[in-house]
Amino acid sequence: MLNRRTFVKASAASVSAPALLAGCKRASDNRFPQGVASGDPRPHQILLWTRVAPEDAEDIDVDWVCARDEALTDVVSSGTITATSASDHTVRVRVDGLAANQRYHYQFAIRGGASPIGRTHTAPEPDEDVPVRFAWASCQDFPGRWYHSWRALVEEADEVDFVLFLGDYIYETVADARYQDPTPDRQVSIPDGISLDGSDENLSANTLADYRALYRQIHEDPDLQEVHRLFPFVMLWDDHEFANDAWQDHAVDFNESQGEEKQPDRREAATQAWFEYVPIDVPMTNAAFPDDIQVYRSFRWGRHLELFLLDERYYRDDHLIPEGPFDLEVGKFVENSPLG
């Protein structure tokens with residue numbers, strides 16, 4: 001049996017339209033400041049993603065094309081989709097009718113600018129006898145850190161077919177001294193926020209505008225953009241897409257020192273921003289938490305790999321030992337602490 005330790009060691013070691021505007025393959029046009037991405041590859045479909053930076057808050061039509069060649073001349077599908085202010089001008093396109101286990105290229109364009117040309121790969125047929133070549137990653141905190149691991153993966157661009165991302169795509173805080181040390185060229189800002197210590201610096205995201213701001217800023221990192229441009233992603237979330245050590249719609253920022261931290265509005269805002277900014281091919285509804293989205297699913301790559309992607313945050317129980325009360329019988333030596 002392949003246990004978790006063996007899996008981690010092994011996978012870490014492996015780790016009819018014309019072409020659109022002829023643009024740079026890598027550097028993003030200023031109308032597409034977050035680059036492009038693709039995700040959830042299936043044998044005959046793929047999801048394509050980008051965000052447009054409009055000149056105003058108006059909705060804008062975005063043309064897209066998917067082709068067999070990087071020059072975008074052998075087109076297999078194309079169309080137009082509207083980037084709306086309601087989705088922070090992010091767009092997602094599911095392209096169907098593709099060939100299994102094939103590389104494709106794609107691009108988005110609006111009047112006055114074009115995106116980088118992205119590259120993606122469809123999954124093999126379920127019974128196809130092919131090697132399984134993927135990288136896995138998680139926990140990409142931004143303030144004070146750099147994404148050299150992504151740069152290293154880009155250097156192996158022809159050795160990997162997809163990236164499995166296991167969560168913590170963003171961190172909800174901007175300057176938490178417990179684990180963040182922002183430098184001038186590696187910091188983020190949010191418009192609202194919750195102060196974690198009474199200061200104006202140590203803030204945690206709280207509103208939809210906050211979470212969107214975090215995704216916009218980290219998506220401008222050139223190494224992250226390039227790895228998204230080259231590989232389709234298969235993605236899950238963990239806690240920091242919402243709040244540290246979260247369970248269901250409960251945060252634990254203050255370890256019950258301010259009472260129960262049930263925050264459904266904040267949870268729904270975090271979920272919406274995540275859905276808008278990652279290339280995941282699942283539906284999202286207008287229902288309230290937890291019926292607004294379902295991210296657990298399965299994913300297959302040929303006959304040798306089937307992944308079961310579990311959501312271990314949206315439905316998990318409260319912590320076995322509560323954060324709040326002092327209780328020596330369960331090893332709770334400090335009141336209002338995560339330790340116990």
# chains A, B, ... in the order shown; residues from 1 in each chain; ligands from 1
call {"tool": "residues_around", "arguments": {"residues": "A:Arg92", "least_positions_apart": "3", "cutoff": "7 Å", "atoms": "only C-alpha atoms", "output": "ChimeraX atom specification"}}
result
/A:47-50
call {"tool": "residues_around", "arguments": {"residues": "A:Arg316", "least_positions_apart": "6", "cutoff": "9 Å", "atoms": "only C-alpha atoms", "output": "PDB file with C-alpha atoms, in the first residue's frame"}}
result
ATOM      1  CA  ALA A 246     -10.550  27.261  10.297  1.00  0.00           C
ATOM      2  CA  TRP A 247     -13.381  24.758  10.549  1.00  0.00           C
ATOM      3  CA  GLN A 248     -16.614  25.115   8.575  1.00  0.00           C
TER       4      GLN A 248
END
call {"tool": "closest_atom_pairs", "arguments": {"of": "stretch 226-340 of chain A", "to": "stretch 101-106 of chain A", "cutoff": "12 Å", "atoms": "only C-alpha atoms", "output": "Markdown table"}}
result
| residue | atom | partner | partner_atom | distance |
| --- | --- | --- | --- | --- |
| A:Arg229 | CA | A:Tyr106 | CA | 9.6 |
| A:Leu230 | CA | A:His105 | CA | 9.3 |
| A:Phe231 | CA | A:Arg103 | CA | 10.0 |
| A:Pro232 | CA | A:Arg103 | CA | 10.4 |
| A:Arg300 | CA | A:Asn101 | CA | 11.8 |
| A:Trp301 | CA | A:Asn101 | CA | 9.1 |
| A:Gly302 | CA | A:Asn101 | CA | 8.9 |
call {"tool": "write_last_selection", "arguments": {"atoms": "all heavy atoms", "output": "PDB file, in the first residue's frame"}}
result
ATOM      1  N   ARG A 229       1.003  29.443 -16.604  1.00  0.00           N
ATOM      2  CA  ARG A 229       0.955  29.519 -18.062  1.00  0.00           C
ATOM      3  C   ARG A 229       1.345  28.191 -18.707  1.00  0.00           C
ATOM      4  O   ARG A 229       0.834  27.824 -19.764  1.00  0.00           O
ATOM      5  CB  ARG A 229       1.897  30.628 -18.558  1.00  0.00           C
ATOM      6  CG  ARG A 229       1.767  30.930 -20.048  1.00  0.00           C
ATOM      7  CD  ARG A 229       2.833  31.906 -20.508  1.00  0.00           C
ATOM      8  NE  ARG A 229       4.150  31.280 -20.571  1.00  0.00           N
ATOM      9  CZ  ARG A 229       4.583  30.548 -21.603  1.00  0.00           C
ATOM     10  NH1 ARG A 229       3.812  30.329 -22.647  1.00  0.00           N
ATOM     11  NH2 ARG A 229       5.801  30.024 -21.582  1.00  0.00           N
ATOM     12  N   LEU A 230       2.241  27.447 -18.062  1.00  0.00           N
ATOM     13  CA  LEU A 230       2.795  26.235 -18.660  1.00  0.00           C
ATOM     14  C   LEU A 230       2.046  24.962 -18.311  1.00  0.00           C
ATOM     15  O   LEU A 230       2.077  24.002 -19.086  1.00  0.00           O
ATOM     16  CB  LEU A 230       4.255  26.085 -18.243  1.00  0.00           C
ATOM     17  CG  LEU A 230       5.247  27.081 -18.840  1.00  0.00           C
ATOM     18  CD1 LEU A 230       6.614  26.893 -18.214  1.00  0.00           C
ATOM     19  CD2 LEU A 230       5.315  26.948 -20.355  1.00  0.00           C
ATOM     20  N   PHE A 231       1.404  24.909 -17.134  1.00  0.00           N
ATOM     21  CA  PHE A 231       0.838  23.647 -16.657  1.00  0.00           C
ATOM     22  C   PHE A 231      -0.619  23.822 -16.236  1.00  0.00           C
ATOM     23  O   PHE A 231      -0.960  24.808 -15.577  1.00  0.00           O
ATOM     24  CB  PHE A 231       1.601  23.132 -15.433  1.00  0.00           C
ATOM     25  CG  PHE A 231       3.085  22.995 -15.626  1.00  0.00           C
ATOM     26  CD1 PHE A 231       3.953  23.890 -15.026  1.00  0.00           C
ATOM     27  CD2 PHE A 231       3.614  21.975 -16.402  1.00  0.00           C
ATOM     28  CE1 PHE A 231       5.328  23.771 -15.191  1.00  0.00           C
ATOM     29  CE2 PHE A 231       4.979  21.850 -16.564  1.00  0.00           C
ATOM     30  CZ  PHE A 231       5.842  22.751 -15.967  1.00  0.00           C
ATOM     31  N   PRO A 232      -1.471  22.848 -16.535  1.00  0.00           N
ATOM     32  CA  PRO A 232      -2.789  22.837 -15.901  1.00  0.00           C
ATOM     33  C   PRO A 232      -2.653  22.472 -14.426  1.00  0.00           C
ATOM     34  O   PRO A 232      -1.789  21.669 -14.058  1.00  0.00           O
ATOM     35  CB  PRO A 232      -3.545  21.759 -16.681  1.00  0.00           C
ATOM     36  CG  PRO A 232      -2.486  20.847 -17.199  1.00  0.00           C
ATOM     37  CD  PRO A 232      -1.276  21.701 -17.446  1.00  0.00           C
ATOM     38  N   ARG A 300      -8.649  11.585 -12.659  1.00  0.00           N
ATOM     39  CA  ARG A 300      -7.945  10.413 -13.166  1.00  0.00           C
ATOM     40  C   ARG A 300      -6.963  10.812 -14.249  1.00  0.00           C
ATOM     41  O   ARG A 300      -7.236  11.681 -15.075  1.00  0.00           O
ATOM     42  CB  ARG A 300      -8.947   9.393 -13.720  1.00  0.00           C
ATOM     43  CG  ARG A 300      -8.339   8.026 -13.988  1.00  0.00           C
ATOM     44  CD  ARG A 300      -9.395   7.018 -14.395  1.00  0.00           C
ATOM     45  NE  ARG A 300      -8.828   5.693 -14.592  1.00  0.00           N
ATOM     46  CZ  ARG A 300      -8.761   4.756 -13.659  1.00  0.00           C
ATOM     47  NH1 ARG A 300      -9.249   4.992 -12.458  1.00  0.00           N
ATOM     48  NH2 ARG A 300      -8.218   3.578 -13.920  1.00  0.00           N
ATOM     49  N   TRP A 301      -5.786  10.162 -14.230  1.00  0.00           N
ATOM     50  CA  TRP A 301      -4.771  10.374 -15.272  1.00  0.00           C
ATOM     51  C   TRP A 301      -4.358   9.002 -15.803  1.00  0.00           C
ATOM     52  O   TRP A 301      -3.477   8.333 -15.255  1.00  0.00           O
ATOM     53  CB  TRP A 301      -3.577  11.138 -14.715  1.00  0.00           C
ATOM     54  CG  TRP A 301      -2.662  11.656 -15.794  1.00  0.00           C
ATOM     55  CD1 TRP A 301      -1.603  11.013 -16.347  1.00  0.00           C
ATOM     56  CD2 TRP A 301      -2.754  12.915 -16.455  1.00  0.00           C
ATOM     57  NE1 TRP A 301      -1.024  11.791 -17.312  1.00  0.00           N
ATOM     58  CE2 TRP A 301      -1.711  12.973 -17.405  1.00  0.00           C
ATOM     59  CE3 TRP A 301      -3.620  14.008 -16.344  1.00  0.00           C
ATOM     60  CZ2 TRP A 301      -1.507  14.078 -18.224  1.00  0.00           C
ATOM     61  CZ3 TRP A 301      -3.412  15.104 -17.156  1.00  0.00           C
ATOM     62  CH2 TRP A 301      -2.367  15.130 -18.088  1.00  0.00           C
ATOM     63  N   GLY A 302      -5.033   8.555 -16.868  1.00  0.00           N
ATOM     64  CA  GLY A 302      -4.740   7.242 -17.424  1.00  0.00           C
ATOM     65  C   GLY A 302      -5.120   6.125 -16.473  1.00  0.00           C
ATOM     66  O   GLY A 302      -5.914   6.292 -15.552  1.00  0.00           O
TER      67      GLY A 302
END
call {"tool": "select_by_dssp", "arguments": {"residues": "stretch 139-237 of chain A", "states": "helix (DSSP H, G or I)", "output": "list of chain:residue names"}}
result
A:His148, A:Ser149, A:Trp150, A:Arg151, A:Ala152, A:Leu153, A:Val154, A:Leu208, A:Ala209, A:Asp210, A:Tyr211, A:Arg212, A:Ala213, A:Leu214, A:Tyr215, A:Arg216, A:Gln217, A:Ile218, A:Pro222, A:Asp223, A:Leu224, A:Gln225, A:Glu226, A:Val227, A:His228, A:Arg229, A:Leu230
call {"tool": "select_by_dssp", "arguments": {"residues": "stretch 110-280 of chain A", "states": "strand (DSSP E or B)", "output": "PyMOL selection string"}}
result
chain A and resi 110+113-114+118-121+134-137+162-165+173+183+186+194-195+203-204+232-235+247+250+257+259+262
call {"tool": "write_last_selection", "arguments": {"atoms": "C-alpha atoms", "output": "PDB file, in the first residue's frame"}}
result
ATOM      1  CA  ILE A 110      -9.682  42.365 -25.768  1.00  0.00           C
ATOM      2  CA  GLY A 113      -4.404  44.043 -25.676  1.00  0.00           C
ATOM      3  CA  ALA A 114      -3.774  40.295 -25.584  1.00  0.00           C
ATOM      4  CA  GLY A 118      -0.835  29.684 -22.396  1.00  0.00           C
ATOM      5  CA  ARG A 119      -0.030  25.994 -22.684  1.00  0.00           C
ATOM      6  CA  THR A 120      -2.108  23.152 -21.293  1.00  0.00           C
ATOM      7  CA  HIS A 121      -2.571  19.379 -21.511  1.00  0.00           C
ATOM      8  CA  PHE A 134       3.046  15.607 -11.998  1.00  0.00           C
ATOM      9  CA  ALA A 135       4.359  18.015  -9.377  1.00  0.00           C
ATOM     10  CA  TRP A 136       2.647  18.838  -6.100  1.00  0.00           C
ATOM     11  CA  ALA A 137       2.820  22.026  -4.077  1.00  0.00           C
ATOM     12  CA  PHE A 162       0.084  18.891 -14.450  1.00  0.00           C
ATOM     13  CA  VAL A 163       0.460  20.432 -10.989  1.00  0.00           C
ATOM     14  CA  LEU A 164      -1.471  19.221  -7.947  1.00  0.00           C
ATOM     15  CA  PHE A 165      -1.930  22.115  -5.497  1.00  0.00           C
ATOM     16  CA  THR A 173      -2.831  37.871   6.865  1.00  0.00           C
ATOM     17  CA  THR A 183      10.023  43.204   2.869  1.00  0.00           C
ATOM     18  CA  ARG A 186       7.360  41.460  -1.030  1.00  0.00           C
ATOM     19  CA  ILE A 194      -9.455  42.722  10.938  1.00  0.00           C
ATOM     20  CA  SER A 195      -6.698  43.830  13.298  1.00  0.00           C
ATOM     21  CA  LEU A 203      -4.417  42.564   9.614  1.00  0.00           C
ATOM     22  CA  SER A 204      -6.378  39.565   8.430  1.00  0.00           C
ATOM     23  CA  PRO A 232      -2.789  22.837 -15.901  1.00  0.00           C
ATOM     24  CA  PHE A 233      -3.494  22.809 -12.162  1.00  0.00           C
ATOM     25  CA  VAL A 234      -5.647  20.479 -10.078  1.00  0.00           C
ATOM     26  CA  MET A 235      -6.477  22.390  -6.903  1.00  0.00           C
ATOM     27  CA  TRP A 247     -13.381  24.758  10.549  1.00  0.00           C
ATOM     28  CA  HIS A 250     -15.608  29.379  12.021  1.00  0.00           C
ATOM     29  CA  SER A 257     -11.107  35.330  23.717  1.00  0.00           C
ATOM     30  CA  GLY A 259     -16.391  34.549  21.955  1.00  0.00           C
ATOM     31  CA  LYS A 262     -18.737  31.963  13.520  1.00  0.00           C
TER      32      LYS A 262
END
call {"tool": "atom_distance", "arguments": {"atom1": "atom CA of A:Leu153", "atom2": "atom CA of A:Asp176"}}
result
28.5 Å
call {"tool": "residues_around", "arguments": {"residues": "stretch 324-333 of chain A", "least_positions_apart": "5", "cutoff": "12 Å", "atoms": "only C-alpha atoms", "output": "number ranges by chain"}}
result
A: 252-261, 319, 338-340
call {"tool": "closest_residue", "arguments": {"among": "A:Cys139, A:Ala53, A:Ala100, A:Val36", "to": "A:Pro126", "atoms": "only C-alpha atoms"}}
result
A:Ala100
call {"tool": "closest_residue", "arguments": {"among": "A:Ile280, A:Ala83, A:Val188, A:Ala205", "to": "A:Ala251", "atoms": "only C-alpha atoms"}}
result
A:Ala205
call {"tool": "residues_around", "arguments": {"residues": "A:Phe142", "least_positions_apart": "6", "cutoff": "9 Å", "atoms": "only C-alpha atoms", "output": "PDB file with N, CA, C and O atoms, in the first residue's frame"}}
result
ATOM      1  N   ILE A 170      -3.299  31.299  -0.874  1.00  0.00           N
ATOM      2  CA  ILE A 170      -2.979  32.587  -0.267  1.00  0.00           C
ATOM      3  C   ILE A 170      -2.885  32.387   1.236  1.00  0.00           C
ATOM      4  O   ILE A 170      -3.302  31.359   1.774  1.00  0.00           O
ATOM      5  N   TYR A 171      -2.318  33.387   1.912  1.00  0.00           N
ATOM      6  CA  TYR A 171      -2.426  33.495   3.360  1.00  0.00           C
ATOM      7  C   TYR A 171      -3.233  34.748   3.650  1.00  0.00           C
ATOM      8  O   TYR A 171      -3.014  35.801   3.031  1.00  0.00           O
ATOM      9  N   VAL A 174      -1.512  39.836   6.395  1.00  0.00           N
ATOM     10  CA  VAL A 174      -0.566  40.629   5.605  1.00  0.00           C
ATOM     11  C   VAL A 174       0.733  40.918   6.354  1.00  0.00           C
ATOM     12  O   VAL A 174       1.750  41.238   5.727  1.00  0.00           O
ATOM     13  N   GLN A 180       5.232  35.900   9.420  1.00  0.00           N
ATOM     14  CA  GLN A 180       5.436  36.731   8.235  1.00  0.00           C
ATOM     15  C   GLN A 180       6.377  37.883   8.564  1.00  0.00           C
ATOM     16  O   GLN A 180       6.278  38.503   9.626  1.00  0.00           O
ATOM     17  N   PRO A 182       7.308  40.804   6.105  1.00  0.00           N
ATOM     18  CA  PRO A 182       7.281  41.419   4.772  1.00  0.00           C
ATOM     19  C   PRO A 182       8.472  42.331   4.525  1.00  0.00           C
ATOM     20  O   PRO A 182       8.930  43.043   5.421  1.00  0.00           O
ATOM     21  N   ARG A 186       8.077  42.727  -1.179  1.00  0.00           N
ATOM     22  CA  ARG A 186       7.360  41.460  -1.030  1.00  0.00           C
ATOM     23  C   ARG A 186       6.322  41.592   0.084  1.00  0.00           C
ATOM     24  O   ARG A 186       6.380  40.922   1.122  1.00  0.00           O
ATOM     25  N   GLN A 187       5.369  42.482  -0.133  1.00  0.00           N
ATOM     26  CA  GLN A 187       4.310  42.673   0.835  1.00  0.00           C
ATOM     27  C   GLN A 187       2.985  42.846   0.099  1.00  0.00           C
ATOM     28  O   GLN A 187       2.959  43.078  -1.105  1.00  0.00           O
ATOM     29  N   VAL A 188       1.906  42.689   0.825  1.00  0.00           N
ATOM     30  CA  VAL A 188       0.576  42.831   0.255  1.00  0.00           C
ATOM     31  C   VAL A 188      -0.227  43.787   1.125  1.00  0.00           C
ATOM     32  O   VAL A 188       0.123  44.042   2.282  1.00  0.00           O
ATOM     33  N   ILE A 218      -0.833  38.457  -5.483  1.00  0.00           N
ATOM     34  CA  ILE A 218       0.093  37.329  -5.630  1.00  0.00           C
ATOM     35  C   ILE A 218       0.099  36.810  -7.067  1.00  0.00           C
ATOM     36  O   ILE A 218       1.108  36.291  -7.536  1.00  0.00           O
TER      37      ILE A 218
END
call {"tool": "closest_residue", "arguments": {"among": "A:Leu214, A:Val130, A:Val62, A:Val75", "to": "A:Pro143", "atoms": "only C-alpha atoms"}}
result
A:Leu214
call {"tool": "residues_around", "arguments": {"residues": "A:Tyr296", "least_positions_apart": "6", "cutoff": "6 Å", "atoms": "only C-alpha atoms", "output": "list in words"}}
result
Leu309, Leu310 and Asp311 of chain A
call {"tool": "write_last_selection", "arguments": {"atoms": "C-alpha atoms", "output": "PDB file, in the first residue's frame"}}
result
ATOM      1  CA  LEU A 309      -9.611  15.249  -3.697  1.00  0.00           C
ATOM      2  CA  LEU A 310     -11.078  15.692  -0.220  1.00  0.00           C
ATOM      3  CA  ASP A 311     -12.411  18.862   1.354  1.00  0.00           C
TER       4      ASP A 311
END
